[in-house]
Structure formats: structure tokens, C-alpha cells
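final33.cif follows; it contains mmCIF, C-alpha atoms and all ligand atoms.
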```cif
data_work
#
loop_
_atom_site.label_atom_id
_atom_site.label_comp_id
_atom_site.auth_asym_id
_atom_site.auth_seq_id
_atom_site.Cartn_x
_atom_site.Cartn_y
_atom_site.Cartn_z
CA MET G 18 259.52 -28.17 94.44
CA ASP G 19 260.06 -28.47 90.73
CA TYR G 20 256.58 -28.56 89.20
CA SER G 21 258.01 -29.48 85.79
CA LEU G 22 258.20 -33.05 87.14
CA PHE G 23 254.50 -33.46 86.36
CA GLY G 24 253.45 -31.12 83.65
CA PRO G 25 252.58 -29.55 81.43
CA PRO G 26 249.06 -29.35 82.86
CA SER G 27 246.02 -29.37 80.61
CA GLU G 28 243.40 -26.64 80.40
CA LEU G 29 240.83 -26.62 83.21
CA ILE G 30 238.28 -29.38 82.64
CA ASN G 31 234.87 -28.80 84.12
CA ILE G 32 233.85 -32.35 85.03
CA ALA G 33 230.12 -31.61 85.02
CA ALA G 34 230.34 -30.19 81.48
CA PHE G 35 232.56 -33.08 80.40
CA ILE G 36 229.97 -35.70 81.32
CA ALA G 37 227.00 -33.70 80.03
CA PRO G 38 225.25 -35.85 77.37
CA THR G 39 224.69 -32.97 74.96
CA GLY G 40 226.54 -29.86 73.89
CA THR G 41 230.00 -29.11 72.65
CA ARG G 42 231.62 -32.32 73.91
CA SER G 43 229.51 -34.66 71.81
CA GLU G 44 229.95 -32.45 68.76
CA VAL G 45 233.72 -32.58 69.17
CA LEU G 46 233.63 -36.37 69.58
CA HIS G 47 231.44 -36.75 66.54
CA GLU G 48 233.80 -34.72 64.44
CA GLN G 49 236.71 -36.89 65.52
CA ASP G 50 234.77 -40.13 64.93
CA SER G 51 234.37 -39.48 61.22
CA SER G 52 238.13 -39.15 60.74
CA VAL G 53 239.05 -42.31 62.66
CA ASP G 54 239.25 -45.49 60.61
CA CYS G 55 240.28 -47.98 63.26
CA SER G 56 240.45 -48.33 66.98
CA VAL G 57 242.73 -50.18 69.39
CA PHE G 58 239.72 -52.37 70.21
CA ASP G 59 240.05 -53.90 66.72
CA ILE G 60 243.36 -55.52 67.67
CA ARG G 61 242.63 -56.14 71.33
CA GLU G 62 241.51 -59.75 70.93
CA GLU G 63 244.48 -60.60 68.72
CA LEU G 64 246.91 -59.06 71.21
CA ASN G 65 245.32 -60.99 74.09
CA VAL G 66 245.76 -64.27 72.22
CA LEU G 67 249.35 -63.36 71.39
CA TRP G 68 250.18 -62.47 74.97
CA ASN G 69 248.55 -65.59 76.39
CA THR G 70 250.49 -67.93 74.08
CA PRO G 71 253.80 -68.56 75.88
CA ALA G 72 255.87 -69.26 72.75
CA LEU G 73 254.71 -66.02 71.09
CA SER G 74 254.92 -63.73 74.12
CA ALA G 75 258.38 -65.11 74.99
CA HIS G 76 259.52 -64.42 71.42
CA ILE G 77 258.20 -60.83 71.50
CA THR G 78 259.81 -60.12 74.89
CA LYS G 79 263.15 -61.63 73.88
CA LYS G 80 263.19 -59.82 70.56
CA PHE G 81 262.45 -56.50 72.29
CA GLU G 82 265.18 -56.99 74.89
CA HIS G 83 267.65 -57.94 72.17
CA THR G 84 266.78 -54.78 70.18
CA ILE G 85 267.28 -52.62 73.27
CA SER G 86 270.65 -54.11 74.14
CA THR G 87 271.80 -53.81 70.51
CA LEU G 88 270.81 -50.12 70.48
CA HIS G 89 272.58 -49.53 73.80
CA SER G 90 275.82 -51.17 72.73
CA ALA G 91 275.74 -49.39 69.34
CA SER G 92 275.44 -46.01 71.10
CA ASN G 93 278.05 -46.90 73.72
CA PRO G 94 280.86 -48.86 71.98
CA THR G 95 283.19 -48.76 75.03
CA LYS G 96 280.78 -50.89 77.03
CA LYS G 97 281.72 -54.55 77.27
CA LYS G 98 279.45 -56.75 75.22
CA ARG G 99 277.94 -59.74 76.90
CA PRO G 100 278.34 -62.90 74.82
CA ARG G 101 275.00 -63.92 73.37
CA LEU G 102 273.87 -67.45 72.79
CA PRO G 103 272.93 -68.02 69.16
CA ASP G 104 269.23 -68.12 68.29
CA PRO G 105 267.80 -71.55 67.57
CA ASP G 106 267.77 -72.48 63.87
CA ASN G 107 264.22 -73.64 63.92
CA TYR G 108 261.51 -71.53 65.47
CA PRO G 109 258.08 -73.06 65.92
CA GLU G 110 255.93 -72.32 62.91
CA GLU G 111 253.61 -69.95 64.81
CA VAL G 112 256.60 -67.80 65.83
CA THR G 113 257.90 -67.64 62.24
CA THR G 114 254.43 -66.62 61.03
CA LEU G 115 254.17 -63.89 63.68
CA GLN G 116 257.65 -62.52 62.92
CA GLY G 117 256.85 -62.56 59.22
CA LYS G 118 253.75 -60.43 59.85
CA LEU G 119 255.72 -58.01 62.05
CA ASP G 120 258.48 -57.64 59.47
CA VAL G 121 256.08 -56.42 56.79
CA SER G 122 254.04 -54.19 59.14
CA SER G 123 253.74 -50.63 57.87
CA LEU G 124 253.65 -49.31 61.45
CA LEU G 125 257.09 -47.68 61.45
CA SER G 126 256.88 -46.59 65.10
CA ALA G 127 256.87 -50.27 66.13
CA ARG G 128 260.50 -50.58 65.05
CA LEU G 129 263.02 -48.96 67.35
CA GLY G 130 265.89 -47.21 65.59
CA ALA G 131 268.92 -45.21 66.70
CA THR G 132 266.73 -42.13 67.23
CA ALA G 133 264.98 -43.95 70.08
CA VAL G 134 268.15 -44.17 72.20
CA PRO G 135 267.80 -40.81 74.03
CA PHE G 136 264.33 -41.92 75.14
CA LEU G 137 265.39 -45.30 76.52
CA ARG G 138 266.11 -45.80 80.18
CA ASN G 139 266.38 -48.73 82.54
CA PRO G 140 263.26 -49.59 84.54
CA LYS G 141 262.84 -47.59 87.74
CA ASN G 142 261.44 -48.90 91.00
CA THR G 143 258.23 -46.94 90.41
CA ASP G 144 257.66 -48.74 87.08
CA TYR G 145 257.06 -51.99 88.94
CA ASN G 146 253.62 -52.81 90.24
CA THR G 147 253.22 -54.80 93.44
CA LEU G 148 249.60 -55.57 92.50
CA LEU G 149 248.98 -58.58 90.27
CA HIS G 150 245.36 -57.51 89.75
CA PRO G 151 243.58 -54.20 90.34
CA LYS G 152 242.44 -53.92 93.94
CA ILE G 153 238.68 -53.39 94.03
CA TRP G 154 237.32 -51.24 96.82
CA SER G 155 233.84 -51.88 98.20
CA ASP G 156 231.07 -51.22 95.73
CA GLY G 157 228.40 -48.94 97.11
CA GLU G 158 225.66 -47.67 94.85
CA VAL G 159 226.10 -45.86 91.56
CA SER G 160 224.11 -42.67 91.69
CA PRO G 161 221.96 -42.25 88.57
CA GLY G 162 223.17 -40.11 85.69
CA HIS G 163 226.34 -39.82 83.66
CA HIS G 164 229.72 -40.22 85.27
CA ALA G 165 233.34 -39.72 84.37
CA ILE G 166 236.08 -42.18 85.26
CA ILE G 167 238.93 -40.24 86.81
CA THR G 168 242.35 -41.89 86.91
CA PHE G 169 244.84 -40.27 89.24
CA SER G 170 248.29 -40.96 90.64
CA VAL G 171 249.70 -40.22 94.07
CA TYR G 172 253.23 -38.85 94.26
CA ASN G 173 255.41 -38.56 97.36
CA ARG G 174 258.63 -36.66 97.89
CA VAL G 175 261.60 -39.04 97.81
CA PRO G 176 263.46 -39.21 101.16
CA TRP G 177 266.93 -38.50 99.74
CA ASP G 178 265.96 -35.36 97.82
CA THR G 179 262.81 -33.52 98.85
CA SER G 180 262.76 -31.50 95.62
CA LEU G 181 262.02 -34.74 93.74
CA VAL G 182 258.86 -36.80 93.75
CA ALA G 183 258.07 -40.38 92.76
CA ARG G 184 254.77 -41.98 91.85
CA ILE G 185 253.68 -44.39 94.58
CA SER G 186 250.25 -45.46 93.34
CA GLN G 187 247.52 -45.05 90.74
CA HIS G 188 243.75 -45.26 91.24
CA GLU G 189 240.44 -45.05 89.42
CA ILE G 190 237.36 -43.34 90.84
CA LEU G 191 233.98 -42.26 89.46
CA SER G 192 233.12 -38.60 89.42
CA PHE G 193 230.13 -38.89 91.78
CA ARG G 194 232.56 -39.80 94.58
CA THR G 195 233.75 -37.21 97.05
CA LEU G 196 237.17 -35.90 98.04
CA SER G 197 236.89 -38.10 101.15
CA ASP G 198 236.51 -41.18 98.95
CA LEU G 199 239.58 -40.12 97.00
CA TYR G 200 241.49 -39.82 100.26
CA ARG G 201 240.44 -43.35 101.28
CA LEU G 202 242.35 -44.71 98.28
CA LEU G 203 245.58 -42.99 99.28
CA PRO G 204 248.12 -45.51 100.57
CA CYS G 205 250.07 -44.06 103.48
CA PRO G 206 251.32 -45.85 106.60
CA TYR G 207 250.56 -42.73 108.62
CA LYS G 208 246.84 -42.81 107.94
CA ASP G 209 244.68 -43.88 110.87
CA SER G 210 243.94 -47.20 109.21
CA LEU G 211 243.41 -48.67 105.77
CA GLN G 212 239.92 -50.05 106.10
CA THR G 213 239.04 -51.60 102.77
CA ASP G 214 235.92 -53.33 104.06
CA LYS G 215 234.35 -50.18 105.42
CA PRO G 216 231.35 -49.03 103.36
CA LEU G 217 232.04 -45.87 101.42
CA ASN G 218 230.19 -42.62 101.86
CA THR G 219 229.27 -43.55 105.40
CA GLY G 220 230.39 -42.43 108.80
CA PRO G 221 232.67 -39.59 109.66
CA SER G 222 235.69 -38.54 107.64
CA PRO G 223 238.37 -41.23 108.10
CA SER G 224 241.05 -38.76 109.00
CA GLN G 225 241.91 -35.12 109.04
CA PHE G 226 243.29 -33.89 105.78
CA VAL G 227 243.26 -30.89 103.51
CA ILE G 228 243.56 -30.88 99.74
CA CYS G 229 244.22 -27.79 97.64
CA VAL G 230 242.52 -27.81 94.25
CA GLU G 231 242.82 -24.86 91.89
CA GLY G 232 243.20 -22.23 94.60
CA VAL G 233 240.61 -23.72 96.97
CA ALA G 234 241.48 -25.62 100.17
CA TYR G 235 239.04 -28.37 101.10
CA GLY G 236 239.09 -29.96 104.53
CA ASP G 237 236.68 -30.54 107.37
CA SER G 238 239.00 -30.67 110.27
CA TYR G 239 241.27 -27.83 109.36
CA ASP G 240 240.12 -24.48 110.54
CA LYS G 241 240.34 -21.14 108.85
CA LYS G 242 243.72 -20.43 110.45
CA LEU G 243 245.40 -23.18 108.43
CA VAL G 244 243.80 -22.04 105.20
CA ASP G 245 244.95 -18.47 105.96
CA HIS G 246 248.42 -19.80 106.63
CA LEU G 247 248.49 -21.75 103.35
CA GLY G 248 247.31 -18.66 101.52
CA ASN G 249 250.19 -16.63 102.93
CA MET G 250 252.87 -19.25 102.36
CA SER G 251 253.48 -18.41 98.74
CA LYS G 252 253.57 -14.69 98.11
CA SER G 253 253.83 -15.08 94.36
CA LYS G 254 250.65 -17.11 94.01
CA LYS G 255 247.02 -16.20 94.51
CA PRO G 256 245.92 -16.79 98.12
CA LEU G 257 243.87 -19.89 98.82
CA ARG G 258 240.26 -19.69 99.86
CA LYS G 259 238.35 -22.28 101.86
CA GLY G 260 235.95 -24.55 99.99
CA THR G 261 232.24 -23.91 100.47
CA PHE G 262 231.60 -27.54 101.35
CA GLY G 263 233.68 -30.03 103.29
CA VAL G 264 235.52 -33.02 101.87
CA ASP G 265 232.59 -35.36 102.62
CA GLU G 266 230.18 -33.23 100.57
CA THR G 267 232.43 -32.14 97.69
CA GLN G 268 231.85 -34.44 94.72
CA LEU G 269 234.59 -34.64 92.13
CA ALA G 270 231.94 -33.84 89.50
CA SER G 271 231.49 -30.41 91.08
CA LEU G 272 235.11 -29.44 90.42
CA SER G 273 237.10 -28.12 87.50
CA LEU G 274 240.40 -29.97 87.29
CA ARG G 275 243.52 -30.04 85.17
CA ILE G 276 245.26 -33.19 84.00
CA GLY G 277 248.94 -33.20 84.96
CA GLN G 278 248.58 -30.53 87.64
CA PRO G 279 249.75 -31.58 91.13
CA TYR G 280 247.16 -30.98 93.86
CA TRP G 281 248.71 -30.79 97.30
CA LEU G 282 247.28 -32.99 100.04
CA VAL G 283 248.47 -32.84 103.65
CA HIS G 284 247.40 -34.94 106.62
CA GLN G 285 248.70 -36.13 109.98
CA GLY G 286 250.14 -32.68 110.56
CA ASN G 287 252.88 -32.69 107.94
CA CYS G 288 252.60 -35.80 105.77
CA GLU G 289 252.42 -34.50 102.19
CA HIS G 290 251.23 -36.13 99.00
CA PHE G 291 250.56 -34.83 95.49
CA ILE G 292 247.45 -35.94 93.62
CA VAL G 293 247.87 -35.77 89.84
CA LEU G 294 245.10 -36.57 87.35
CA ASP G 295 246.24 -38.92 84.59
CA GLN G 296 243.06 -39.09 82.53
CA ILE G 297 239.33 -38.43 82.52
CA SER G 298 236.99 -40.55 80.41
CA ILE G 299 233.27 -41.18 80.11
CA ALA G 300 232.01 -44.15 82.15
CA SER G 301 229.90 -46.66 80.24
CA GLU G 302 226.33 -47.40 81.36
CA GLU G 303 227.41 -50.79 82.74
CA ARG G 304 230.22 -49.37 84.87
CA THR G 305 229.85 -50.40 88.51
CA ALA G 306 230.48 -48.01 91.35
CA HIS G 307 233.67 -49.60 92.61
CA MET G 308 236.86 -47.68 93.03
CA GLN G 309 240.11 -49.38 92.06
CA THR G 310 243.75 -49.25 92.94
CA LEU G 311 245.60 -50.02 89.72
CA HIS G 312 249.21 -49.62 90.73
CA ILE G 313 251.30 -49.60 93.89
CA SER G 314 255.05 -49.08 93.55
CA PRO G 315 257.29 -51.28 95.69
CA THR G 316 258.14 -49.45 98.90
CA LEU G 317 261.80 -48.65 99.35
CA LEU G 318 262.58 -49.38 102.98
CA ASP G 319 265.57 -48.27 105.00
CA LEU G 320 268.02 -51.14 105.29
CA CYS G 321 269.30 -52.28 108.68
CA ARG G 322 272.48 -50.30 109.44
CA ALA G 323 274.17 -53.27 111.15
CA CYS G 324 273.79 -56.05 108.59
CA THR G 325 272.83 -53.84 105.57
CA LYS G 326 271.01 -56.88 104.19
CA VAL G 327 267.35 -56.64 105.18
CA PRO G 328 264.85 -53.81 105.73
CA ALA G 329 264.86 -52.28 109.18
CA ALA G 330 261.99 -53.11 111.51
CA TRP G 331 263.05 -50.83 114.36
CA THR G 332 264.47 -47.40 114.76
CA ILE G 333 266.60 -47.04 117.90
CA LEU G 334 266.97 -43.76 119.73
CA ASN G 335 269.86 -42.73 122.02
CA ASP G 336 271.83 -45.98 122.00
CA ILE G 337 275.48 -45.02 122.47
CA ARG G 338 276.59 -48.42 121.12
CA LEU G 339 275.24 -47.46 117.69
CA GLY G 340 276.95 -44.79 115.66
CA GLU G 341 273.83 -42.68 115.12
CA SER G 342 270.47 -41.81 116.59
CA PRO G 343 267.89 -42.66 115.32
CA CYS G 344 269.41 -45.84 113.93
CA PRO G 345 267.37 -48.28 111.76
CA LEU G 346 267.91 -51.96 112.68
CA CYS G 347 266.33 -55.24 111.67
CA GLY G 348 264.73 -57.53 114.28
CA PRO G 349 267.57 -60.10 114.56
CA CYS G 350 270.30 -57.42 114.78
CA TRP G 351 268.43 -55.54 117.51
CA ARG G 352 267.92 -58.81 119.47
CA ASN G 353 271.60 -59.71 119.09
CA MET G 354 272.63 -56.31 120.48
CA GLY G 355 271.07 -57.29 123.80
CA THR G 356 269.27 -54.86 126.08
CA SER G 357 270.88 -51.60 127.07
CA GLU G 358 271.38 -50.45 130.67
CA ASP G 359 270.69 -46.89 129.58
CA PRO G 360 267.07 -45.93 130.40
CA THR G 361 267.03 -43.23 127.70
CA VAL G 362 267.38 -45.83 124.90
CA VAL G 363 264.05 -46.16 123.07
CA PRO G 364 263.33 -48.76 120.37
CA ILE G 365 260.44 -47.68 118.11
CA PRO G 366 258.78 -50.19 115.74
CA LEU G 367 258.64 -48.88 112.15
CA PRO G 368 255.22 -48.73 110.43
CA SER G 369 254.08 -51.85 108.64
CA TYR G 370 253.98 -51.49 104.83
CA ASP G 371 251.57 -54.31 104.21
CA ILE G 372 249.32 -52.36 101.84
CA THR G 373 248.65 -54.80 99.03
ZN ZN Z 401 250.63 -39.55 104.22
ZN ZN Z 402 270.22 -56.34 110.49
#
```

Rendering of file as C-alpha cells:
Amino acid sequence: MDYSLFGPPSELINIAAFIAPTGTRSEVLHEQDSSVDCSVFDIREELNVLWNTPALSAHITKKFEHTISTLHSASNPTKKKRPRLPDPDNYPEEVTTLQGKLDVSSLLSARLGATAVPFLRNPKNTDYNTLLHPKIWSDGEVSPGHHAIITFSVYNRVPWDTSLVARISQHEILSFRTLSDLYRLLPCPYKDSLQTDKPLNTGPSPSQFVICVEGVAYGDSYDKKLVDHLGNMSKSKKPLRKGTFGVDETQLASLSLRIGQPYWLVHQGNCEHFIVLDQISIASEERTAHMQTLHISPTLLDLCRACTKVPAAWTILNDIRLGESPCPLCGPCWRNMGTSEDPTVVPIPLPSYDIT
């Protein structure tokens, strides 16, 4: 797989040292503080008001879309221009005031010019979020001490090209949690179950999995043979060794991790995922213990081969009436086919993707 899809990775970050209240980290932060004059928190309230006022947010969105389409048609003159309705002569006063402020802003990066064109692309499926609000996982207790908030994304290989990956979800977890807790957040229809109401840090590991982090394979249910096998798979890389503790005992705070480095996770025999850290920050004193799912990309489902209109609910094996085996079909199309006389025909229900 092409690892450049994620990178470049950061230096190794020792989580325990990162959250330590004294030492080099606080000195570095202090040095930076003196050179910073403003913070995004200064404009947060103003932006919230702007976004929650329909006339203003609609104006901003429309203006942005207009700028993008103007840039696109300027860089691609052969493309047919869509006729545009003229702007109204009279904007509400609040919109005129806002636009006036934006026009005199000295923040040059806020204005998109021709140089921005190579960096523009249409939205991808993985940019959309099926969650309207972050999904909060059961609370549990915060263990005393300092914690880091670790934000990570889960990537899967895309079905049509296994050398490519796409982000399927993003989550937030505190550093006192374990690798098992991290695994609980992973959305995958092949997991045993997605039990959101189950208390965390209790009971046995929810499923068998192994995760490889910086040359160490962690997993309770995988024996030494698998770790040996993983170590031998790539001759060019350093062999893997087995983690001292299992996934239920290994706290994230005990690890050294790199941002932007994919960590391979495998479960259910051969279902692969890549865990990539997006950011690590210091948790405030008031931060509760809950874990959150911040983003879930819409699932791309196989369409029914017969009607090509709706996602398939069944996959049919060995039916000579269909052109292929297995063949994905929706419920109505499979019912309309009628039963087959052939005893080798097997309809298999596809996994449910109800993960929101
Ligand atoms: Zn999986
Ligand atoms: Zn159909």
C-alpha cells in the first residue's frame, strides 16, 4: 500500500512526557505564548453568531460557492457556463455591513485567488459526515492525573482499488484509555457487535484483534505464531515483537506514537483497518471521561445488479439465472425472481450498516 496517502508522519511523541505538567513541554509552550497576540477563541463567539444568523450564513455560503465557480470557469474556459441569476439590488443591512467588514479585512488568505485553483476539488464522499452531533460513548470514570485528548481516524481500503484507502470515521479518546477502548470505537459491520451501552473497561475483550504500533504487535487473542508471521511478512522492515501487556492493559498514555503514521489493525481473521492519529492535545481539568465519535463517512453500498437503483440487501450464490455469482440484489428484485429449483442456490443477507 502507498503510505504517502497519510503522511508525512511526525516525530515519535511520548504521550506520558507530553502530558507531564513540568519539563520541556511547558517551557516550549511558554515560549510560544509570548509571541502569540491573538487566538481563535477571540473570534469564536462572533463566528457562532454569524453562522446562526440565516441571512448572514446564507450570504457567506453563496459568496463562497460563487467564488469557486468563477475560479473554475476562469481556469477552464471551454466549460459551459451556467446562467446565473442576478444578485438582488438590496441586501439586508446586516449583510451589507458584514460584506463591508470582509472587504477591508487584512487577512489575505481569506480571499481565494487564481493560485488556489490547483488546491480546489469537488467534495468527496468521505468529506460528508453522517453524524449531526458527536456520538458520546458511555462515560466511565476519569482516572486522576493529567490526560491527553487523542483524535484519530480510521481508514479502510477501498473495494475497487486495494492500494487506496479512504477515511471512514474519526474519534476522540483520552490517553488513560486502553487499546481495547480504542477498538470499541471502530465502526465495522464485521465486529461481533457494536454495544454502545456496555460499560467501558469492564468484561473481556470485545473481540479478537491485533494492532501494530511502532514495531510492537498488541493483541490478547493472537498467539506468538501470528506475531512471528507478521514479523516475517515484510523483509525490508524491522520484525515485530509482541507487546508486554495485552490490549486490555495497554493504556494509550504508555505508548509513543506518531501523528500521521498508519497503525495496522486486523480482526475477524482478515478484516483490516488503519488507525491514524490526527492530533494530540492536553485535556482540560473539566474534561469528562467520555469517548466520542466525531465523524462517520456515508457507507458506499453495492447497488442491486438487477435494478441498479437501490443498495443490495442480499448476495446470491450459484443462481444460474443471474449473470454472476455472488450477485448483489435488493429485496424486491430477489422476491420478484421467485424461488429457484436449484438446491445449491444460497441467498446471504448483507450486513446491516446501521451504525449511526
Ligand atoms: Zn473490520
Ligand atoms: Zn433491485

Given the choices G:Cys288, G:Cys347, G:Leu67, G:Ile313, which gets closest to ligand ZN 402 (chain Z) if the distance is worked out from all atoms listed in the file? G:Cys347

What do you get as a list in words if you pick all residues at most 10 Å from ligand ZN 401 (chain Z), counting all atoms listed in the file?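 The residues within 10 Å of ligand ZN 401 (chain Z), counting all atoms listed in the file, are Asn173, Tyr200, Leu203, Pro204, Cys205, Pro206, Tyr207, Lys208, Asp209, Phe226, Leu282, Val283, His284, Gln285, Gly286, Asn287, Cys288, Glu289, His290 and Phe291 of chain G.
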
Using all atoms listed in the file, which residue out of G:Val362, G:Ala234, G:Ile333, G:Ile297 lies closest to Phe35 (chain G)?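 Once distances to Phe35 (chain G) are computed over all atoms listed in the file, the minimum belongs to G:Ile297.
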
How many Å separate CA of Lys79 (chain G) from CA of Cys55 (chain G)?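 If I compute the distance from CA of Lys79 (chain G) to CA of Cys55 (chain G), I get 28.7 Å.
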
Taking all atoms listed in the file into account, which residues have an atom no farther than 6 Å from ligand ZN 402 (chain Z)? I'd like them as a list in words.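 Counting only what the definition allows, namely all atoms listed in the file, the set is Cys321, Ala323, Cys324, Leu346, Cys347 and Cys350 of chain G.
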
Given only C-alpha atoms as the basis, pick out the residue of G:Leu311, G:Leu272, G:Leu318, G:Val293 nearest to Leu29 (chain G).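 Smallest separation from Leu29 (chain G) among the options: G:Leu272.
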
What does the distance between CA of Glu28 (chain G) and CA of Leu274 (chain G) come to in Å, to one decimal place?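 About the pair CA of Glu28 (chain G) and CA of Leu274 (chain G): they are 8.2 Å apart.
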
Best match for closeness to Thr261 (chain G) among G:Pro360, G:Pro176, G:Gly236, G:Gly277, counting only C-alpha atoms: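 Selected residue with least distance to Thr261 (chain G): G:Gly236.
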
Tell me which of G:His312, G:His307, G:Arg128, G:Arg338 sits closest to Ser192 (chain G), counting all atoms listed in the file.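 Using all atoms listed in the file, the shortest distance to Ser192 (chain G) belongs to G:His307.
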
Spatial neighbours of region 152-163 of chain G, 6 Å, only C-alpha atoms, chain gap at least 5 places, as a ChimeraX atom specification: /G:36,306-310

Pick from G:Gln116, G:Ser298, G:Ser56, G:Ser357: nearest to Glu189 (chain G), with all atoms listed in the file counted?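 For Glu189 (chain G), the nearest of the candidates is G:Ser298.
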